[in-house]
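Here is the structure we will look at.
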Amino acid sequence: MSDTKTIQLNGESRTTTAPDIAALVRELGLAPEKVAVEHNGEIAPRSRLADTALCDGDTLEIVHFVGGGDHPSDDDTWTVAGHTFRSRLIVGTGKYKDFAQNAAALEASGAEIVTVAVRRVNVSDPGQPMLTDFIDPKKVTYLPNTAGCFTADEAVRTLRLAREAGGWDLVKLEVLGEAKTLYPDMRETLRATETLANEGFHPMVYCADDPIAAKQLEEAGAVAIMPLGAPIGSGLGIQNRVTIRLIVEGANVPVLVDAGVGTASDAAVGMELGCDGILMNTAIAEAKDPIRMARAMKLAVQAGRDAYLSGRMATRKYADPSSPLAGLI
C-alpha cells in the first residue's frame, strides 16, 4: 500500500510520503525549530511536530521570519478595475515561433497579464494546440483585445464573444483607422468605449498620444489609458515624451504606453515619465533571443519605475563638479 498522500501546502497541492509534520519540514529543507506550522486551521506546537501525523487531504501553512518583510518594490503595486498587479509589464502573445517559446518569454518577463486576440476556432483541426495549453488563464490574467478591428461595431462584437468564451470583463480596446499606420480611429474608439462601459466591460483603451482624447476616453468609461509611443510594431521608441507626460499628469486612471517599444531603454523611458506600465509584443517576440529580451524588459520596467519614484536630479546648463574645488592640493 502506498504511503503517498496529497496535501495542501501554503496554498498549493503537493504530494509527500512524510509520516509527520516534522518529517515534511525536513523534506522541504527547513529546520523544524525555525518555522511555525498551522495544521488544518490549528497551530501545531513546535514541540509536537514529530508526533503530529500527516493524512491525505491535510491543509498546512508553514511560515518563517524574513528580514524586514518583502522587498520594497514588491509593495509597489498598481490597480486597474479592482485587479491589483505587481508586475508593470504586460506582454502580447503574437509573432512567437510557437506557444512554448511564448510561455517561456512570459515566464522570463514576470508579466502577470497577457493580451490575447480573439479568432475563429479552426473547425477543420480542432485538436491543434491552443494558447491555453501553454499559458494557464487561471494563473495569468488574459486581456482579450480587438486587434485588427477597424470599426466600433467590430470591436464591441469581438469583446462580447470574448466575454461569452471566458467571462472576461477587463478587456483591451483598439479600433484602428487604417492598415498602414495602425493609428487609432479616435472617433470610433470613443464610441466603442462608451458602449462597452455601458455593458459592464472595463476597457483599457489604446489611443493616440493626445491629452484631450485621453481625458475624453476616461470620461467615457475607460479604466486605463494606453497611448501609443510609436506605431504598432515599429520599435521606434517613445516619440513624444511631452504628450505622454501630459496624459499621465491629467489622468485619474492608470496610463500605460502601448506600442512602439523596441528595446529596454524605451521601456525605461516610459516608466520614468510616470506611466503605470508598459505593454509590448514585437519587441520581445522578434528579438533574436526573445527569452533574454523578456528578462531585459522586466528589469528595464523596474529600473524606470525606481528612477521615477526616486525623483531625478535637476538638469543644469553647465557642469557642476561632484567633488568640491576648494582645498585642492
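Chain labels run A, B, ... following the order of the C-alpha cells; each chain numbers its residues from 1, and ligands are numbered from 1 in the order shown.
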Discussion item. With only C-alpha atoms as the counted atoms, please give the residues lying no more than 12 Å from Pro45 (chain A), apart from itself and same-chain residues fewer than 2 positions off, as a ChimeraX atom specification.
Written reply: /A:21-22,32-33,35-39,42-43,47-52
What does the file look like for those residues with N, CA, C and O atoms, as an mmCIF file, in the first residue's frame?
```
data_model
loop_
_atom_site.group_PDB
_atom_site.id
_atom_site.type_symbol
_atom_site.label_atom_id
_atom_site.label_comp_id
_atom_site.auth_asym_id
_atom_site.auth_seq_id
_atom_site.Cartn_x
_atom_site.Cartn_y
_atom_site.Cartn_z
ATOM 1 N N ILE A 21 4.570 15.938 10.502
ATOM 2 C CA ILE A 21 4.884 17.305 10.089
ATOM 3 C C ILE A 21 6.377 17.590 10.166
ATOM 4 O O ILE A 21 6.945 18.233 9.277
ATOM 5 N N ALA A 22 7.041 17.099 11.216
ATOM 6 C CA ALA A 22 8.487 17.343 11.330
ATOM 7 C C ALA A 22 9.225 16.760 10.136
ATOM 8 O O ALA A 22 10.143 17.384 9.589
ATOM 9 N N PRO A 32 12.789 22.307 11.672
ATOM 10 C CA PRO A 32 11.533 22.408 12.425
ATOM 11 C C PRO A 32 11.556 23.473 13.509
ATOM 12 O O PRO A 32 10.528 24.100 13.787
ATOM 13 N N GLU A 33 12.726 23.715 14.104
ATOM 14 C CA GLU A 33 12.803 24.696 15.188
ATOM 15 C C GLU A 33 12.792 26.138 14.691
ATOM 16 O O GLU A 33 12.745 27.073 15.505
ATOM 17 N N VAL A 35 10.544 27.261 12.150
ATOM 18 C CA VAL A 35 9.314 27.568 11.423
ATOM 19 C C VAL A 35 8.117 27.464 12.360
ATOM 20 O O VAL A 35 8.212 26.910 13.463
ATOM 21 N N ALA A 36 6.985 28.010 11.911
ATOM 22 C CA ALA A 36 5.709 27.838 12.599
ATOM 23 C C ALA A 36 4.749 27.159 11.634
ATOM 24 O O ALA A 36 4.771 27.430 10.433
ATOM 25 N N VAL A 37 3.915 26.264 12.168
ATOM 26 C CA VAL A 37 3.050 25.456 11.315
ATOM 27 C C VAL A 37 1.601 25.557 11.784
ATOM 28 O O VAL A 37 1.310 25.417 12.979
ATOM 29 N N GLU A 38 0.715 25.806 10.814
ATOM 30 C CA GLU A 38 -0.718 25.706 11.051
ATOM 31 C C GLU A 38 -1.196 24.439 10.360
ATOM 32 O O GLU A 38 -0.948 24.239 9.167
ATOM 33 N N HIS A 39 -1.872 23.568 11.097
ATOM 34 C CA HIS A 39 -2.298 22.264 10.583
ATOM 35 C C HIS A 39 -3.818 22.178 10.650
ATOM 36 O O HIS A 39 -4.389 22.180 11.745
ATOM 37 N N GLU A 42 -5.390 24.833 12.812
ATOM 38 C CA GLU A 42 -4.941 24.935 14.201
ATOM 39 C C GLU A 42 -3.415 25.035 14.244
ATOM 40 O O GLU A 42 -2.727 24.377 13.465
ATOM 41 N N ILE A 43 -2.891 25.863 15.150
ATOM 42 C CA ILE A 43 -1.452 25.966 15.316
ATOM 43 C C ILE A 43 -0.909 24.647 15.870
ATOM 44 O O ILE A 43 -1.414 24.131 16.879
ATOM 45 N N SER A 47 6.867 21.673 19.662
ATOM 46 C CA SER A 47 7.355 20.521 20.423
ATOM 47 C C SER A 47 6.671 19.223 20.020
ATOM 48 O O SER A 47 7.139 18.130 20.366
ATOM 49 N N ARG A 48 5.548 19.322 19.272
ATOM 50 C CA ARG A 48 4.792 18.114 18.926
ATOM 51 C C ARG A 48 4.756 17.855 17.419
ATOM 52 O O ARG A 48 3.971 17.019 16.959
ATOM 53 N N LEU A 49 5.601 18.548 16.635
ATOM 54 C CA LEU A 49 5.575 18.365 15.177
ATOM 55 C C LEU A 49 5.861 16.924 14.791
ATOM 56 O O LEU A 49 5.274 16.386 13.847
ATOM 57 N N ALA A 50 6.782 16.269 15.520
ATOM 58 C CA ALA A 50 7.123 14.883 15.183
ATOM 59 C C ALA A 50 6.026 13.910 15.580
ATOM 60 O O ALA A 50 5.985 12.764 15.083
ATOM 61 N N ASP A 51 5.137 14.350 16.450
ATOM 62 C CA ASP A 51 4.057 13.471 16.922
ATOM 63 C C ASP A 51 2.752 13.685 16.156
ATOM 64 O O ASP A 51 1.769 12.982 16.400
ATOM 65 N N THR A 52 2.743 14.697 15.248
ATOM 66 C CA THR A 52 1.513 15.023 14.520
ATOM 67 C C THR A 52 1.543 14.372 13.145
ATOM 68 O O THR A 52 2.321 14.766 12.270
#
```
Item to complete: Write out as a list in words each polymer residue whose atoms come within 12 Å of Glu107 (chain A), counting only C-alpha atoms; drop sequence neighbours fewer than 2 positions from it.
Response: Ser87, Leu89, Ile90, Val91, Ala100, Gln101, Asn102, Ala103, Ala104, Ala105, Ser109, Gly110, Ala111, Glu112, Ile113, Val114, Phe134, Ile135, Asp136, Lys139, Val140, Pro290, Ile291, Arg292, Met293, Ala294, Arg295 and Lys298 of chain A
Go ahead and write the residues just picked, N, CA and C atoms, as an mmCIF file, in the first residue's frame.
```
data_model
loop_
_atom_site.group_PDB
_atom_site.id
_atom_site.type_symbol
_atom_site.label_atom_id
_atom_site.label_comp_id
_atom_site.auth_asym_id
_atom_site.auth_seq_id
_atom_site.Cartn_x
_atom_site.Cartn_y
_atom_site.Cartn_z
ATOM 1 N N SER A 87 3.635 43.181 -11.271
ATOM 2 C CA SER A 87 4.388 43.478 -12.488
ATOM 3 C C SER A 87 3.716 44.610 -13.246
ATOM 4 N N LEU A 89 4.637 45.244 -16.366
ATOM 5 C CA LEU A 89 4.879 44.882 -17.757
ATOM 6 C C LEU A 89 3.752 43.966 -18.231
ATOM 7 N N ILE A 90 3.129 44.331 -19.353
ATOM 8 C CA ILE A 90 2.123 43.494 -19.993
ATOM 9 C C ILE A 90 2.700 43.041 -21.331
ATOM 10 N N VAL A 91 2.562 41.773 -21.654
ATOM 11 C CA VAL A 91 3.130 41.262 -22.899
ATOM 12 C C VAL A 91 2.047 40.659 -23.777
ATOM 13 N N ALA A 100 5.254 27.385 -26.984
ATOM 14 C CA ALA A 100 6.240 27.072 -25.946
ATOM 15 C C ALA A 100 7.197 28.243 -25.743
ATOM 16 N N GLN A 101 7.656 28.839 -26.836
ATOM 17 C CA GLN A 101 8.542 30.000 -26.728
ATOM 18 C C GLN A 101 7.807 31.174 -26.087
ATOM 19 N N ASN A 102 6.553 31.342 -26.452
ATOM 20 C CA ASN A 102 5.730 32.397 -25.871
ATOM 21 C C ASN A 102 5.631 32.223 -24.354
ATOM 22 N N ALA A 103 5.371 31.012 -23.907
ATOM 23 C CA ALA A 103 5.244 30.736 -22.477
ATOM 24 C C ALA A 103 6.560 30.979 -21.748
ATOM 25 N N ALA A 104 7.683 30.601 -22.377
ATOM 26 C CA ALA A 104 8.997 30.812 -21.757
ATOM 27 C C ALA A 104 9.316 32.295 -21.644
ATOM 28 N N ALA A 105 8.970 33.068 -22.663
ATOM 29 C CA ALA A 105 9.207 34.514 -22.624
ATOM 30 C C ALA A 105 8.345 35.166 -21.547
ATOM 31 N N SER A 109 9.683 37.327 -18.361
ATOM 32 C CA SER A 109 9.265 38.726 -18.220
ATOM 33 C C SER A 109 8.673 39.037 -16.852
ATOM 34 N N GLY A 110 8.160 38.017 -16.181
ATOM 35 C CA GLY A 110 7.490 38.245 -14.911
ATOM 36 C C GLY A 110 6.113 38.878 -15.049
ATOM 37 N N ALA A 111 5.628 39.046 -16.276
ATOM 38 C CA ALA A 111 4.333 39.698 -16.500
ATOM 39 C C ALA A 111 3.199 38.860 -15.924
ATOM 40 N N GLU A 112 2.181 39.538 -15.444
ATOM 41 C CA GLU A 112 1.004 38.870 -14.888
ATOM 42 C C GLU A 112 -0.209 39.005 -15.794
ATOM 43 N N ILE A 113 -0.062 39.770 -16.887
ATOM 44 C CA ILE A 113 -1.148 39.977 -17.841
ATOM 45 C C ILE A 113 -0.619 39.702 -19.243
ATOM 46 N N VAL A 114 -1.411 38.976 -20.035
ATOM 47 C CA VAL A 114 -1.073 38.794 -21.452
ATOM 48 C C VAL A 114 -2.275 39.221 -22.294
ATOM 49 N N PHE A 134 -0.622 26.212 -22.936
ATOM 50 C CA PHE A 134 0.726 26.614 -22.540
ATOM 51 C C PHE A 134 0.737 27.740 -21.511
ATOM 52 N N ILE A 135 -0.282 28.601 -21.557
ATOM 53 C CA ILE A 135 -0.387 29.712 -20.614
ATOM 54 C C ILE A 135 -1.738 29.597 -19.925
ATOM 55 N N ASP A 136 -1.704 29.251 -18.652
ATOM 56 C CA ASP A 136 -2.919 28.944 -17.892
ATOM 57 C C ASP A 136 -3.653 30.230 -17.507
ATOM 58 N N LYS A 139 -3.750 31.258 -13.899
ATOM 59 C CA LYS A 139 -2.548 31.763 -13.247
ATOM 60 C C LYS A 139 -2.107 33.112 -13.808
ATOM 61 N N VAL A 140 -2.472 33.394 -15.043
ATOM 62 C CA VAL A 140 -2.102 34.641 -15.715
ATOM 63 C C VAL A 140 -3.387 35.305 -16.194
ATOM 64 N N PRO A 290 14.318 35.983 -27.698
ATOM 65 C CA PRO A 290 13.133 36.517 -27.016
ATOM 66 C C PRO A 290 13.153 36.324 -25.502
ATOM 67 N N ILE A 291 13.719 35.227 -25.039
ATOM 68 C CA ILE A 291 13.714 34.961 -23.606
ATOM 69 C C ILE A 291 14.594 35.975 -22.881
ATOM 70 N N ARG A 292 15.778 36.207 -23.421
ATOM 71 C CA ARG A 292 16.676 37.187 -22.800
ATOM 72 C C ARG A 292 16.097 38.589 -22.893
ATOM 73 N N MET A 293 15.480 38.927 -24.020
ATOM 74 C CA MET A 293 14.877 40.253 -24.155
ATOM 75 C C MET A 293 13.730 40.427 -23.170
ATOM 76 N N ALA A 294 12.955 39.386 -22.949
ATOM 77 C CA ALA A 294 11.865 39.466 -21.975
ATOM 78 C C ALA A 294 12.412 39.771 -20.590
ATOM 79 N N ARG A 295 13.522 39.141 -20.258
ATOM 80 C CA ARG A 295 14.150 39.402 -18.962
ATOM 81 C C ARG A 295 14.668 40.833 -18.900
ATOM 82 N N LYS A 298 11.784 43.201 -18.281
ATOM 83 C CA LYS A 298 11.370 43.146 -16.875
ATOM 84 C C LYS A 298 12.234 44.076 -16.034
#
```
Item to complete: Report as a PyMOL selection string: the residues of region 149-285 of chain A with a DSSP assignment of alpha helix (DSSP H), based on the backbone of this structure.
Response: chain A and resi 152-166+186-198+211-220+241-250+264-272+282-285
Item to complete: Tell me, as a VMD selection string, which residues lie within 8 Å of Lys215 (chain A), counting only C-alpha atoms; anything in the same chain fewer than 5 positions away does not count.
Response: chain A and resid 247 250 to 251
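CA of Phe85 (chain A) to CA of Val269 (chain A) spans 20.6 Å [interatomic distance, one decimal].
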Discussion item. My list of candidates is A:Ile62, A:Cys149, A:Val301, A:Ala220. Which is closest to Val257 (chain A) when distances are computed with only C-alpha atoms?
Written reply: A:Val301
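Nearest to Leu60 (chain A) of all the residues A:Gly260, A:Gly11, A:Pro211, A:Gly94 is A:Gly11, counting only C-alpha atoms.
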Item to complete: Give me the residues within 9 Å of Thr93 (chain A) as a PyMOL selection string, counting only C-alpha atoms and dropping any in the same chain fewer than 6 places off.
Response: chain A and resi 99+102-103+106+114-117+131+281+285
Practice prompt. Extract, using only C-alpha atoms, all DNA, RNA and protein residues at most 6 Å from region 152-169 of chain A, discarding same-chain residues fewer than 4 positions from it, and format them as an MDAnalysis selection string.
Written response: chainID A and resid 146 188 192 201:202
Worksheet item: Could you write out, as a ChimeraX atom specification, all the residues of region 79-285 of chain A that DSSP marks as strand (DSSP E or B)?
Response: /A:79-80,83-85,89-91,113-117,141-145,170-173,176,184,202-207,224-227,255-258,277-280
Next, the residues of the selection above should be written as a tab-separated table (two decimals), in the first residue's frame with N, CA and C atoms.
```
chain	number	residue	atom	x	y	z
A	79	THR	N	-3.29	49.09	-9.62
A	79	THR	CA	-4.63	48.51	-9.67
A	79	THR	C	-5.41	49.08	-10.85
A	80	VAL	N	-6.11	48.19	-11.54
A	80	VAL	CA	-6.99	48.62	-12.62
A	80	VAL	C	-8.30	47.85	-12.48
A	83	HIS	N	-8.49	45.04	-10.01
A	83	HIS	CA	-7.47	43.99	-10.10
A	83	HIS	C	-6.12	44.61	-9.75
A	84	THR	N	-5.38	43.99	-8.85
A	84	THR	CA	-4.09	44.51	-8.41
A	84	THR	C	-2.97	43.62	-8.92
A	85	PHE	N	-1.91	44.26	-9.42
A	85	PHE	CA	-0.78	43.53	-10.01
A	85	PHE	C	0.54	44.08	-9.46
A	89	LEU	N	4.64	45.24	-16.37
A	89	LEU	CA	4.88	44.88	-17.76
A	89	LEU	C	3.75	43.97	-18.23
A	90	ILE	N	3.13	44.33	-19.35
A	90	ILE	CA	2.12	43.49	-19.99
A	90	ILE	C	2.70	43.04	-21.33
A	91	VAL	N	2.56	41.77	-21.65
A	91	VAL	CA	3.13	41.26	-22.90
A	91	VAL	C	2.05	40.66	-23.78
A	113	ILE	N	-0.06	39.77	-16.89
A	113	ILE	CA	-1.15	39.98	-17.84
A	113	ILE	C	-0.62	39.70	-19.24
A	114	VAL	N	-1.41	38.98	-20.04
A	114	VAL	CA	-1.07	38.79	-21.45
A	114	VAL	C	-2.28	39.22	-22.29
A	115	THR	N	-1.99	39.91	-23.39
A	115	THR	CA	-3.06	40.24	-24.32
A	115	THR	C	-3.27	39.06	-25.25
A	116	VAL	N	-4.52	38.79	-25.56
A	116	VAL	CA	-4.86	37.68	-26.44
A	116	VAL	C	-5.86	38.15	-27.48
A	117	ALA	N	-5.62	37.75	-28.71
A	117	ALA	CA	-6.55	38.09	-29.79
A	117	ALA	C	-7.68	37.08	-29.82
A	141	THR	N	-3.49	36.61	-16.01
A	141	THR	CA	-4.69	37.32	-16.44
A	141	THR	C	-4.69	37.50	-17.95
A	142	TYR	N	-5.69	36.94	-18.60
A	142	TYR	CA	-5.88	37.13	-20.03
A	142	TYR	C	-6.58	38.47	-20.26
A	143	LEU	N	-6.05	39.23	-21.20
A	143	LEU	CA	-6.65	40.52	-21.55
A	143	LEU	C	-7.06	40.45	-23.02
A	144	PRO	N	-8.29	40.04	-23.30
A	144	PRO	CA	-8.74	39.95	-24.69
A	144	PRO	C	-8.66	41.32	-25.36
A	145	ASN	N	-8.15	41.34	-26.58
A	145	ASN	CA	-8.07	42.63	-27.28
A	145	ASN	C	-8.78	42.55	-28.63
A	170	LEU	N	-12.54	42.66	-18.01
A	170	LEU	CA	-11.38	43.52	-18.23
A	170	LEU	C	-10.83	43.21	-19.61
A	171	VAL	N	-10.87	44.20	-20.50
A	171	VAL	CA	-10.53	43.97	-21.90
A	171	VAL	C	-9.67	45.11	-22.43
A	172	LYS	N	-9.01	44.84	-23.54
A	172	LYS	CA	-8.24	45.89	-24.19
A	172	LYS	C	-8.93	46.26	-25.51
A	173	LEU	N	-9.23	47.53	-25.65
A	173	LEU	CA	-9.92	48.02	-26.85
A	173	LEU	C	-8.95	48.76	-27.75
A	176	LEU	N	-8.69	50.58	-35.07
A	176	LEU	CA	-7.69	51.14	-35.96
A	176	LEU	C	-8.31	51.97	-37.08
A	184	PRO	N	-4.92	54.68	-34.12
A	184	PRO	CA	-6.31	54.51	-33.70
A	184	PRO	C	-7.23	55.52	-34.36
A	202	HIS	N	-14.85	46.62	-18.65
A	202	HIS	CA	-13.84	47.53	-18.12
A	202	HIS	C	-12.75	47.68	-19.18
A	203	PRO	N	-12.92	48.62	-20.11
A	203	PRO	CA	-11.98	48.71	-21.24
A	203	PRO	C	-10.71	49.48	-20.92
A	204	MET	N	-9.57	48.86	-21.21
A	204	MET	CA	-8.28	49.53	-21.23
A	204	MET	C	-8.07	49.91	-22.69
A	205	VAL	N	-7.86	51.20	-22.96
A	205	VAL	CA	-8.05	51.68	-24.33
A	205	VAL	C	-6.77	52.21	-24.96
A	206	TYR	N	-6.42	51.60	-26.10
A	206	TYR	CA	-5.31	52.07	-26.95
A	206	TYR	C	-5.75	53.35	-27.64
A	207	CYS	N	-4.88	54.38	-27.59
A	207	CYS	CA	-5.29	55.67	-28.15
A	207	CYS	C	-4.09	56.45	-28.67
A	224	ALA	N	-8.33	52.39	-18.10
A	224	ALA	CA	-6.90	52.67	-18.29
A	224	ALA	C	-6.73	53.31	-19.65
A	225	ILE	N	-5.79	54.25	-19.72
A	225	ILE	CA	-5.47	54.94	-20.97
A	225	ILE	C	-4.15	54.39	-21.48
A	226	MET	N	-4.10	54.03	-22.77
A	226	MET	CA	-2.92	53.37	-23.32
A	226	MET	C	-2.44	54.08	-24.58
A	227	PRO	N	-1.78	55.22	-24.42
A	227	PRO	CA	-1.31	55.96	-25.59
A	227	PRO	C	-0.15	55.25	-26.28
A	255	VAL	N	-2.14	54.83	-16.66
A	255	VAL	CA	-1.66	55.14	-18.01
A	255	VAL	C	-0.54	54.18	-18.35
A	256	LEU	N	-0.66	53.50	-19.48
A	256	LEU	CA	0.37	52.54	-19.91
A	256	LEU	C	0.74	52.82	-21.36
A	257	VAL	N	2.03	52.91	-21.63
A	257	VAL	CA	2.46	53.07	-23.02
A	257	VAL	C	2.16	51.77	-23.76
A	258	ASP	N	1.52	51.89	-24.90
A	258	ASP	CA	1.12	50.73	-25.69
A	258	ASP	C	1.57	50.94	-27.13
A	277	GLY	N	2.60	51.49	-16.44
A	277	GLY	CA	3.07	50.25	-17.01
A	277	GLY	C	3.38	50.40	-18.49
A	278	ILE	N	3.87	49.30	-19.07
A	278	ILE	CA	4.23	49.25	-20.49
A	278	ILE	C	3.66	47.98	-21.08
A	279	LEU	N	3.07	48.08	-22.26
A	279	LEU	CA	2.61	46.91	-22.99
A	279	LEU	C	3.45	46.75	-24.24
A	280	MET	N	3.89	45.52	-24.49
A	280	MET	CA	4.70	45.27	-25.69
A	280	MET	C	4.50	43.84	-26.18
```
Discussion item. Considering only C-alpha atoms, can you say which of A:Leu228, A:Met297, A:Val253, A:Leu24 comes closest to Ser265 (chain A)?
Written reply: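 Residue with the minimum atom-to-atom distance to Ser265 (chain A): A:Met297.
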Worksheet item: Nearest to Asp276 (chain A) among A:Asp76, A:Glu178, A:Asp58, A:Asp20, with distances taken over only C-alpha atoms: which residue is it?
Response: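 Using only C-alpha atoms, the shortest distance to Asp276 (chain A) belongs to A:Asp76.
In this structure, CA of Gly233 (chain A) sits 23.7 Å away from CA of Met130 (chain A).
Pairwise distance (CA of Ala31 (chain A), CA of Gln8 (chain A)) equals 19.7 Å.
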